[in-house]
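Colleague: Here you go, one structure.
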Amino acid sequence: MYFIANWKMFGSIKSVNSLNKVISYSKTNKLKAKIIYCPPYTLIKSFVDKTKNSNIKIGAQDCHTQIKYGPFTGAISSKMIKDLGGKFVIIGHSETRAENDNKKINLKIKSALDEKLNVILCIGEKLIDKRKNKTKYVLKKQLLEGLKNLKNLNKKVIIAYEPVWSIGTGIIPSENDLKKNIRFIRNILKISKKFTKSKILYGGSVNPKNIKNLMRIDNIDGFLIGGSSTNEKIFIDIMKKSIN
Ligand code: 13P
C-alpha cells in the first residue's frame with residue numbers, strides 16, 4: 001500500500017521536524033506501507049536529508065518537459081529533482097493541468113523516466129464531466145495521451161485517480177463508482193498493453209474517517225493524500241486505520 005503525501009504549497013523549513021513521528025512509525029508499522037512525501041521544491045533537500053535512514057522516499061510535485069537544463073525561468077527539471085535525492089515526481093495533477101495539456105504531460109513523464117524517476121501520473125474527471133457522463137472518455141484520453149510512445153516501464157509509473165470534484169471538498173466517490181473507475185483504468189492499461197503492472201491509487205479528501213471504507217475497495221493500491229498528510233498525527237492515523 002502506498003501512502004503518498006502531496007503537500008502542495010504548504011510547509012516551511014521548520015516542517016522537517018514534523019516528519020519525526022512518521023519516521024518512527026515507518027520503522028514499526030505492520031502494514032509495510034510505502035510512504036512517500038512530495039513537499040514543495042524548496043523542502044525537497046531537507047526532507048531527503050531528514051529521511052535518509054528510513055524507508056520514506058521523497059518526490060517533487062511537478063517537473064519541466066526538458067530533461068536537463070535550459071533557459072526556462074522558474075522551472076525545475078527532472079535532473080534537478082534527482083540531483084536533490086528525489087525519487088518520485090507527481091505529473092498531471094489537476095491543480096497544474098491549466099498550464100499542462102496531455103502532450104506536455106507526456107513530455108514531462110518522458111523526461112522523468114529518462115532520469116529514472118518514478119512517476120505518479122494524476123488523472124481524473126471534473127464535476128462537469130461526471131455530470132455529462134464523460135468520466136470514462138476523460139480518463140481514457142488522459143491515460144492514452146499521457147502515456148503515448150513511452151517505453152514500457154511498468155513499475156516506474158503509478159497512476160493516481162483523483163476525481164477533481166473530490167479534491168479538498170470532503171466528498172469521495174461512492175464505493176461502486178470508485179471500484180468501477182479503477183477497474184476501467186486497469187482495463188485501459190491492459191488493452192494498451194502498457195503499464196499493466198502499474199499501481200493504481202486513489203486521491204481526493206482521504207481522511208481518518210473514510211479510510212476504512214476506502215480500504216474495502218480491493219483494487220486500490222494506495223492513496224495520494226493532500227490536506228490530511230500535512231499533519232503527522234492525522235497522516236499516521238490514516239495509515240493505522242488502514243490496517244485495523
Ligand atoms: P486532498 O486530500 O486535500 O483532497 O487533496 C488530494 C490531492 O490533490 C492529492 O494530490
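Order determines the names: the first chain of the C-alpha cells is A, the second B, and so forth; residues in each chain are numbered 1 upward, and ligands are numbered 1 upward as they are shown.
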Please return as a list in words the residues found within 6 Å of ligand 1, counting only C-alpha atoms and all ligand atoms.
Modeller: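 Final answer, ordered by chain and number: Asn6, Ile167, Gly168, Gly203, Gly204, Ser205, Val206, Leu224, Ile225, Gly226, Gly227 and Ser228 of chain A.
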Colleague: Can you list, as a VMD selection string, every residue of stretch 4-175 of chain A that DSSP puts in helix (DSSP H, G or I)?
Modeller: chain A and resid 13 to 28 41 to 50 78 to 83 97 to 99 102 to 114 127 to 131 135 to 146 154 to 156 164 to 166 175
Colleague: Got a sec: who's within 12 Å of A:Arg97, counting only C-alpha atoms, leaving out chain neighbours fewer than 2 positions off, as number ranges by chain?
Modeller: A: 62, 90-95, 99-105, 121-126, 142, 146, 164
Colleague: So which one's closest to A:Asp218, A:Leu201, A:Val157, A:Ile191, A:Leu139? Using only C-alpha atoms, please.
Modeller: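 Among the listed residues, A:Leu201 lies closest to A:Asp218.
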Colleague: Quick one: of A:Arg186, A:Lys194, A:Lys241, A:Lys179, who's nearest to A:Lys212, counting only C-alpha atoms?
Modeller: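 Checking each of A:Arg186, A:Lys194, A:Lys241, A:Lys179 against A:Lys212, counting only C-alpha atoms, the winner is A:Lys241.
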Colleague: Please, what distance in Å, to one decimal, runs between atom CA of A:Leu214 and atom CA of A:Lys197?
Modeller: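 Rounded to one decimal, the two atoms are 21.1 Å apart.
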Colleague: To one decimal in Å, tell me the separation between atom CA of A:Val16 and atom CA of A:Ile56.
Modeller: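 A separation of 13.0 Å between them.
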Colleague: Which residues come within 9 Å of stretch 230-235 of chain A, counting only C-alpha atoms, excluding same-chain residues fewer than 2 positions away, as a JSON list (two decimals) with all heavy atoms, in the first residue's frame?
Modeller:
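Saved to part_6.json:
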[["chain", "number", "residue", "atom", "x", "y", "z"],
["A", 3, "PHE", "N", 1.23, 5.25, 0.55],
["A", 3, "PHE", "CA", 0.64, 6.44, 1.17],
["A", 3, "PHE", "C", 1.52, 7.61, 0.74],
["A", 3, "PHE", "O", 2.63, 7.78, 1.26],
["A", 3, "PHE", "CB", 0.59, 6.29, 2.70],
["A", 3, "PHE", "CG", -0.40, 5.26, 3.14],
["A", 3, "PHE", "CD1", -0.02, 3.92, 3.23],
["A", 3, "PHE", "CD2", -1.72, 5.59, 3.40],
["A", 3, "PHE", "CE1", -0.93, 2.94, 3.60],
["A", 3, "PHE", "CE2", -2.64, 4.62, 3.77],
["A", 3, "PHE", "CZ", -2.25, 3.29, 3.86],
["A", 5, "ALA", "N", 2.17, 11.55, 0.31],
["A", 5, "ALA", "CA", 1.77, 12.85, 0.85],
["A", 5, "ALA", "C", 2.08, 13.93, -0.18],
["A", 5, "ALA", "O", 3.25, 14.12, -0.54],
["A", 5, "ALA", "CB", 2.54, 13.11, 2.14],
["A", 6, "ASN", "N", 1.04, 14.59, -0.66],
["A", 6, "ASN", "CA", 1.24, 15.73, -1.56],
["A", 6, "ASN", "C", 1.00, 17.00, -0.75],
["A", 6, "ASN", "O", -0.13, 17.33, -0.43],
["A", 6, "ASN", "CB", 0.26, 15.63, -2.74],
["A", 6, "ASN", "CG", 0.34, 16.86, -3.63],
["A", 6, "ASN", "OD1", 1.24, 17.68, -3.50],
["A", 6, "ASN", "ND2", -0.60, 16.98, -4.56],
["A", 7, "TRP", "N", 2.10, 17.69, -0.43],
["A", 7, "TRP", "CA", 1.99, 18.86, 0.46],
["A", 7, "TRP", "C", 1.56, 20.13, -0.27],
["A", 7, "TRP", "O", 1.36, 21.15, 0.36],
["A", 7, "TRP", "CB", 3.32, 19.08, 1.19],
["A", 7, "TRP", "CG", 3.40, 18.30, 2.47],
["A", 7, "TRP", "CD1", 2.78, 17.12, 2.73],
["A", 7, "TRP", "CD2", 4.10, 18.66, 3.65],
["A", 7, "TRP", "NE1", 3.07, 16.71, 4.01],
["A", 7, "TRP", "CE2", 3.88, 17.64, 4.59],
["A", 7, "TRP", "CE3", 4.92, 19.73, 4.01],
["A", 7, "TRP", "CZ2", 4.43, 17.67, 5.87],
["A", 7, "TRP", "CZ3", 5.48, 19.76, 5.28],
["A", 7, "TRP", "CH2", 5.23, 18.75, 6.20],
["A", 10, "PHE", "N", 2.43, 24.07, 0.78],
["A", 10, "PHE", "CA", 2.42, 24.20, 2.23],
["A", 10, "PHE", "C", 3.78, 23.77, 2.78],
["A", 10, "PHE", "O", 4.46, 22.95, 2.18],
["A", 10, "PHE", "CB", 1.33, 23.30, 2.85],
["A", 10, "PHE", "CG", -0.07, 23.79, 2.57],
["A", 10, "PHE", "CD1", -0.79, 23.24, 1.52],
["A", 10, "PHE", "CD2", -0.64, 24.80, 3.33],
["A", 10, "PHE", "CE1", -2.08, 23.69, 1.24],
["A", 10, "PHE", "CE2", -1.92, 25.24, 3.06],
["A", 10, "PHE", "CZ", -2.65, 24.70, 2.01],
["A", 11, "GLY", "N", 4.12, 24.30, 3.94],
["A", 11, "GLY", "CA", 5.34, 23.86, 4.62],
["A", 11, "GLY", "C", 6.40, 24.95, 4.65],
["A", 11, "GLY", "O", 6.55, 25.72, 3.71],
["A", 15, "SER", "N", 9.12, 22.59, 8.99],
["A", 15, "SER", "CA", 8.23, 21.42, 8.80],
["A", 15, "SER", "C", 8.99, 20.10, 8.83],
["A", 15, "SER", "O", 8.40, 19.04, 9.01],
["A", 15, "SER", "CB", 7.51, 21.50, 7.46],
["A", 15, "SER", "OG", 6.89, 22.71, 7.29],
["A", 18, "SER", "N", 8.32, 17.87, 11.57],
["A", 18, "SER", "CA", 7.03, 17.18, 11.63],
["A", 18, "SER", "C", 7.12, 15.78, 11.01],
["A", 18, "SER", "O", 6.14, 15.04, 11.00],
["A", 18, "SER", "CB", 5.93, 18.01, 10.95],
["A", 18, "SER", "OG", 6.02, 17.86, 9.55],
["A", 19, "LEU", "N", 8.31, 15.43, 10.53],
["A", 19, "LEU", "CA", 8.48, 14.07, 9.98],
["A", 19, "LEU", "C", 8.87, 13.06, 11.07],
["A", 19, "LEU", "O", 8.78, 11.85, 10.85],
["A", 19, "LEU", "CB", 9.55, 14.04, 8.89],
["A", 19, "LEU", "CG", 9.30, 14.89, 7.63],
["A", 19, "LEU", "CD1", 10.43, 14.69, 6.64],
["A", 19, "LEU", "CD2", 7.99, 14.49, 6.99],
["A", 20, "ASN", "N", 9.28, 13.57, 12.24],
["A", 20, "ASN", "CA", 9.82, 12.68, 13.28],
["A", 20, "ASN", "C", 8.93, 11.47, 13.58],
["A", 20, "ASN", "O", 9.38, 10.33, 13.55],
["A", 20, "ASN", "CB", 10.06, 13.45, 14.59],
["A", 20, "ASN", "CG", 11.25, 14.39, 14.43],
["A", 20, "ASN", "OD1", 12.12, 14.15, 13.59],
["A", 20, "ASN", "ND2", 11.28, 15.47, 15.21],
["A", 21, "LYS", "N", 7.66, 11.77, 13.85],
["A", 21, "LYS", "CA", 6.76, 10.67, 14.26],
["A", 21, "LYS", "C", 6.50, 9.72, 13.09],
["A", 21, "LYS", "O", 6.35, 8.52, 13.29],
["A", 21, "LYS", "CB", 5.42, 11.25, 14.74],
["A", 21, "LYS", "CG", 5.52, 11.93, 16.08],
["A", 21, "LYS", "CD", 4.13, 12.03, 16.72],
["A", 21, "LYS", "CE", 4.22, 12.59, 18.12],
["A", 21, "LYS", "NZ", 4.25, 14.06, 18.15],
["A", 22, "VAL", "N", 6.43, 10.26, 11.89],
["A", 22, "VAL", "CA", 6.16, 9.40, 10.73],
["A", 22, "VAL", "C", 7.38, 8.49, 10.48],
["A", 22, "VAL", "O", 7.23, 7.31, 10.16],
["A", 22, "VAL", "CB", 5.79, 10.23, 9.48],
["A", 22, "VAL", "CG1", 5.52, 9.32, 8.28],
["A", 22, "VAL", "CG2", 4.58, 11.10, 9.75],
["A", 207, "ASN", "N", -9.21, 10.83, 4.50],
["A", 207, "ASN", "CA", -9.02, 11.25, 5.91],
["A", 207, "ASN", "C", -9.23, 10.05, 6.84],
["A", 207, "ASN", "O", -9.62, 8.97, 6.38],
["A", 207, "ASN", "CB", -9.96, 12.44, 6.23],
["A", 207, "ASN", "CG", -11.43, 12.06, 6.13],
["A", 207, "ASN", "OD1", -11.83, 10.96, 6.52],
["A", 207, "ASN", "ND2", -12.24, 12.97, 5.60],
["A", 208, "PRO", "N", -8.97, 10.23, 8.14],
["A", 208, "PRO", "CA", -9.08, 9.08, 9.04],
["A", 208, "PRO", "C", -10.51, 8.51, 9.12],
["A", 208, "PRO", "O", -10.70, 7.36, 9.48],
["A", 208, "PRO", "CB", -8.67, 9.65, 10.40],
["A", 208, "PRO", "CG", -7.84, 10.85, 10.08],
["A", 208, "PRO", "CD", -8.42, 11.42, 8.82],
["A", 225, "ILE", "N", -2.51, 11.69, -0.83],
["A", 225, "ILE", "CA", -3.22, 12.44, 0.21],
["A", 225, "ILE", "C", -2.71, 13.88, 0.29],
["A", 225, "ILE", "O", -1.50, 14.11, 0.42],
["A", 225, "ILE", "CB", -3.05, 11.72, 1.57],
["A", 225, "ILE", "CG1", -3.44, 10.25, 1.43],
["A", 225, "ILE", "CG2", -3.89, 12.41, 2.64],
["A", 225, "ILE", "CD1", -3.11, 9.38, 2.63],
["A", 226, "GLY", "N", -3.62, 14.81, 0.21],
["A", 226, "GLY", "CA", -3.26, 16.22, 0.28],
["A", 226, "GLY", "C", -3.33, 16.73, 1.71],
["A", 226, "GLY", "O", -2.48, 16.40, 2.55],
["A", 227, "GLY", "N", -4.37, 17.52, 2.02],
["A", 227, "GLY", "CA", -4.50, 18.18, 3.32],
["A", 227, "GLY", "C", -4.18, 17.29, 4.52],
["A", 227, "GLY", "O", -3.40, 17.71, 5.40],
["A", 228, "SER", "N", -4.72, 16.08, 4.56],
["A", 228, "SER", "CA", -4.54, 15.22, 5.75],
["A", 228, "SER", "C", -3.11, 14.73, 5.92],
["A", 228, "SER", "O", -2.78, 14.18, 6.97],
["A", 228, "SER", "CB", -5.44, 13.98, 5.65],
["A", 228, "SER", "OG", -6.78, 14.34, 5.61],
["A", 237, "ASP", "N", -2.60, 8.40, 11.64],
["A", 237, "ASP", "CA", -3.91, 7.86, 11.96],
["A", 237, "ASP", "C", -4.52, 7.17, 10.73],
["A", 237, "ASP", "O", -5.09, 6.07, 10.84],
["A", 237, "ASP", "CB", -4.80, 9.04, 12.41],
["A", 237, "ASP", "CG", -5.98, 8.56, 13.24],
["A", 237, "ASP", "OD1", -5.90, 7.43, 13.76],
["A", 237, "ASP", "OD2", -6.97, 9.30, 13.35],
["A", 238, "ILE", "N", -4.38, 7.80, 9.59],
["A", 238, "ILE", "CA", -4.90, 7.20, 8.34],
["A", 238, "ILE", "C", -4.23, 5.85, 8.11],
["A", 238, "ILE", "O", -4.88, 4.84, 7.84],
["A", 238, "ILE", "CB", -4.67, 8.15, 7.14],
["A", 238, "ILE", "CG1", -5.57, 9.39, 7.25],
["A", 238, "ILE", "CG2", -4.90, 7.42, 5.81],
["A", 238, "ILE", "CD1", -5.33, 10.43, 6.18],
["A", 239, "MET", "N", -2.89, 5.83, 8.25],
["A", 239, "MET", "CA", -2.17, 4.58, 7.98],
["A", 239, "MET", "C", -2.55, 3.50, 9.01],
["A", 239, "MET", "O", -2.76, 2.34, 8.64],
["A", 239, "MET", "CB", -0.66, 4.83, 7.98],
["A", 239, "MET", "CG", -0.24, 5.67, 6.78],
["A", 239, "MET", "SD", 1.54, 5.80, 6.58],
["A", 239, "MET", "CE", 1.89, 7.27, 7.49],
["A", 240, "LYS", "N", -2.69, 3.92, 10.27],
["A", 240, "LYS", "CA", -3.07, 2.95, 11.31],
["A", 240, "LYS", "C", -4.46, 2.39, 11.04],
["A", 240, "LYS", "O", -4.68, 1.18, 11.12],
["A", 240, "LYS", "CB", -3.06, 3.61, 12.69],
["A", 240, "LYS", "CG", -1.67, 3.73, 13.28],
["A", 240, "LYS", "CD", -1.75, 4.20, 14.71],
["A", 240, "LYS", "CE", -0.37, 4.22, 15.34],
["A", 240, "LYS", "NZ", -0.33, 5.11, 16.50]]
Colleague: Which polymer residues have any atom within 12 Å of an atom of A:Gly74, counting only C-alpha atoms, with same-chain residues fewer than 5 positions away left out, as a list of chain:residue names?
Modeller: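 The residues satisfying every condition are A:Tyr41, A:Cys63, A:His64, A:Tyr69.
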Colleague: Write the residues of the selection above to a file with all heavy atoms, as a CSV table (one decimal), in the first residue's frame.
Modeller:
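Okay, again.csv is ready:
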chain,number,residue,atom,x,y,z
A,41,TYR,N,9.3,22.2,-3.9
A,41,TYR,CA,10.7,22.1,-4.3
A,41,TYR,C,11.6,22.6,-3.2
A,41,TYR,O,12.7,22.1,-3.0
A,41,TYR,CB,10.9,23.0,-5.5
A,41,TYR,CG,10.2,22.5,-6.8
A,41,TYR,CD1,9.5,23.4,-7.5
A,41,TYR,CD2,10.3,21.2,-7.2
A,41,TYR,CE1,8.8,23.1,-8.7
A,41,TYR,CE2,9.7,20.8,-8.4
A,41,TYR,CZ,9.0,21.8,-9.1
A,41,TYR,OH,8.3,21.4,-10.3
A,63,CYS,N,7.5,18.7,-12.8
A,63,CYS,CA,8.9,19.0,-13.4
A,63,CYS,C,8.7,19.6,-14.8
A,63,CYS,O,7.6,19.6,-15.3
A,63,CYS,CB,9.6,17.6,-13.5
A,63,CYS,SG,8.9,16.5,-14.6
A,64,HIS,N,9.8,20.1,-15.3
A,64,HIS,CA,9.7,20.7,-16.7
A,64,HIS,C,9.7,19.6,-17.8
A,64,HIS,O,10.1,18.4,-17.5
A,64,HIS,CB,10.9,21.6,-16.8
A,64,HIS,CG,10.7,22.6,-18.0
A,64,HIS,ND1,11.4,22.4,-19.2
A,64,HIS,CD2,10.0,23.7,-18.1
A,64,HIS,CE1,11.0,23.3,-20.0
A,64,HIS,NE2,10.2,24.2,-19.4
A,69,TYR,N,18.9,21.0,-18.5
A,69,TYR,CA,19.0,22.4,-18.1
A,69,TYR,C,18.5,23.2,-19.3
A,69,TYR,O,18.5,22.8,-20.4
A,69,TYR,CB,20.4,22.8,-17.8
A,69,TYR,CG,21.0,21.9,-16.7
A,69,TYR,CD1,22.0,21.0,-17.0
A,69,TYR,CD2,20.6,22.0,-15.4
A,69,TYR,CE1,22.6,20.2,-16.0
A,69,TYR,CE2,21.1,21.2,-14.4
A,69,TYR,CZ,22.1,20.3,-14.7
A,69,TYR,OH,22.6,19.5,-13.8
Colleague: Which is closer to A:Leu117 than all the others in A:Lys134, A:Arg183, A:Lys14, A:Lys156, using only C-alpha atoms?
Modeller: A:Lys156
Colleague: Write out as number ranges by chain all residues of stretch 123-194 of chain A that backbone DSSP assigns to strand (DSSP E).
Modeller: A: 123, 157-161
Colleague: Write the residues of the selection above to a file with N, CA and C atoms, as a compact mmCIF listing (two decimals), in the first residue's frame.
Modeller:
# COMPACT_ATOMS: atom_id res chain seq x y z
N ILE A 123 -4.77 11.48 -12.91
CA ILE A 123 -5.85 11.63 -13.89
C ILE A 123 -7.16 11.76 -13.11
N VAL A 157 5.74 3.75 -13.30
CA VAL A 157 4.62 4.68 -13.42
C VAL A 157 3.48 4.22 -12.53
N ILE A 158 3.10 5.10 -11.62
CA ILE A 158 1.95 4.85 -10.74
C ILE A 158 0.84 5.77 -11.23
N ILE A 159 -0.37 5.24 -11.30
CA ILE A 159 -1.50 6.07 -11.72
C ILE A 159 -2.27 6.49 -10.46
N ALA A 160 -2.54 7.78 -10.34
CA ALA A 160 -3.37 8.25 -9.22
C ALA A 160 -4.69 8.76 -9.79
N TYR A 161 -5.76 8.06 -9.44
CA TYR A 161 -7.09 8.51 -9.88
C TYR A 161 -7.61 9.53 -8.87
Colleague: Please provide as a PyMOL selection string all residues within 12 Å of A:Asn118, with the sequence filter that same-chain residues fewer than 3 positions apart are discarded (counting only C-alpha atoms).
Modeller: chain A and resi 36+57-62+78+81-82+86-91+108-115+121+153-159+198-199
Colleague: Ranking A:Thr135, A:Asn187, A:Asn219, A:Ser192 by minimum distance to A:Glu175 and counting only C-alpha atoms, which one comes first?
Modeller: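 Using only C-alpha atoms, the shortest distance to A:Glu175 belongs to A:Asn219.
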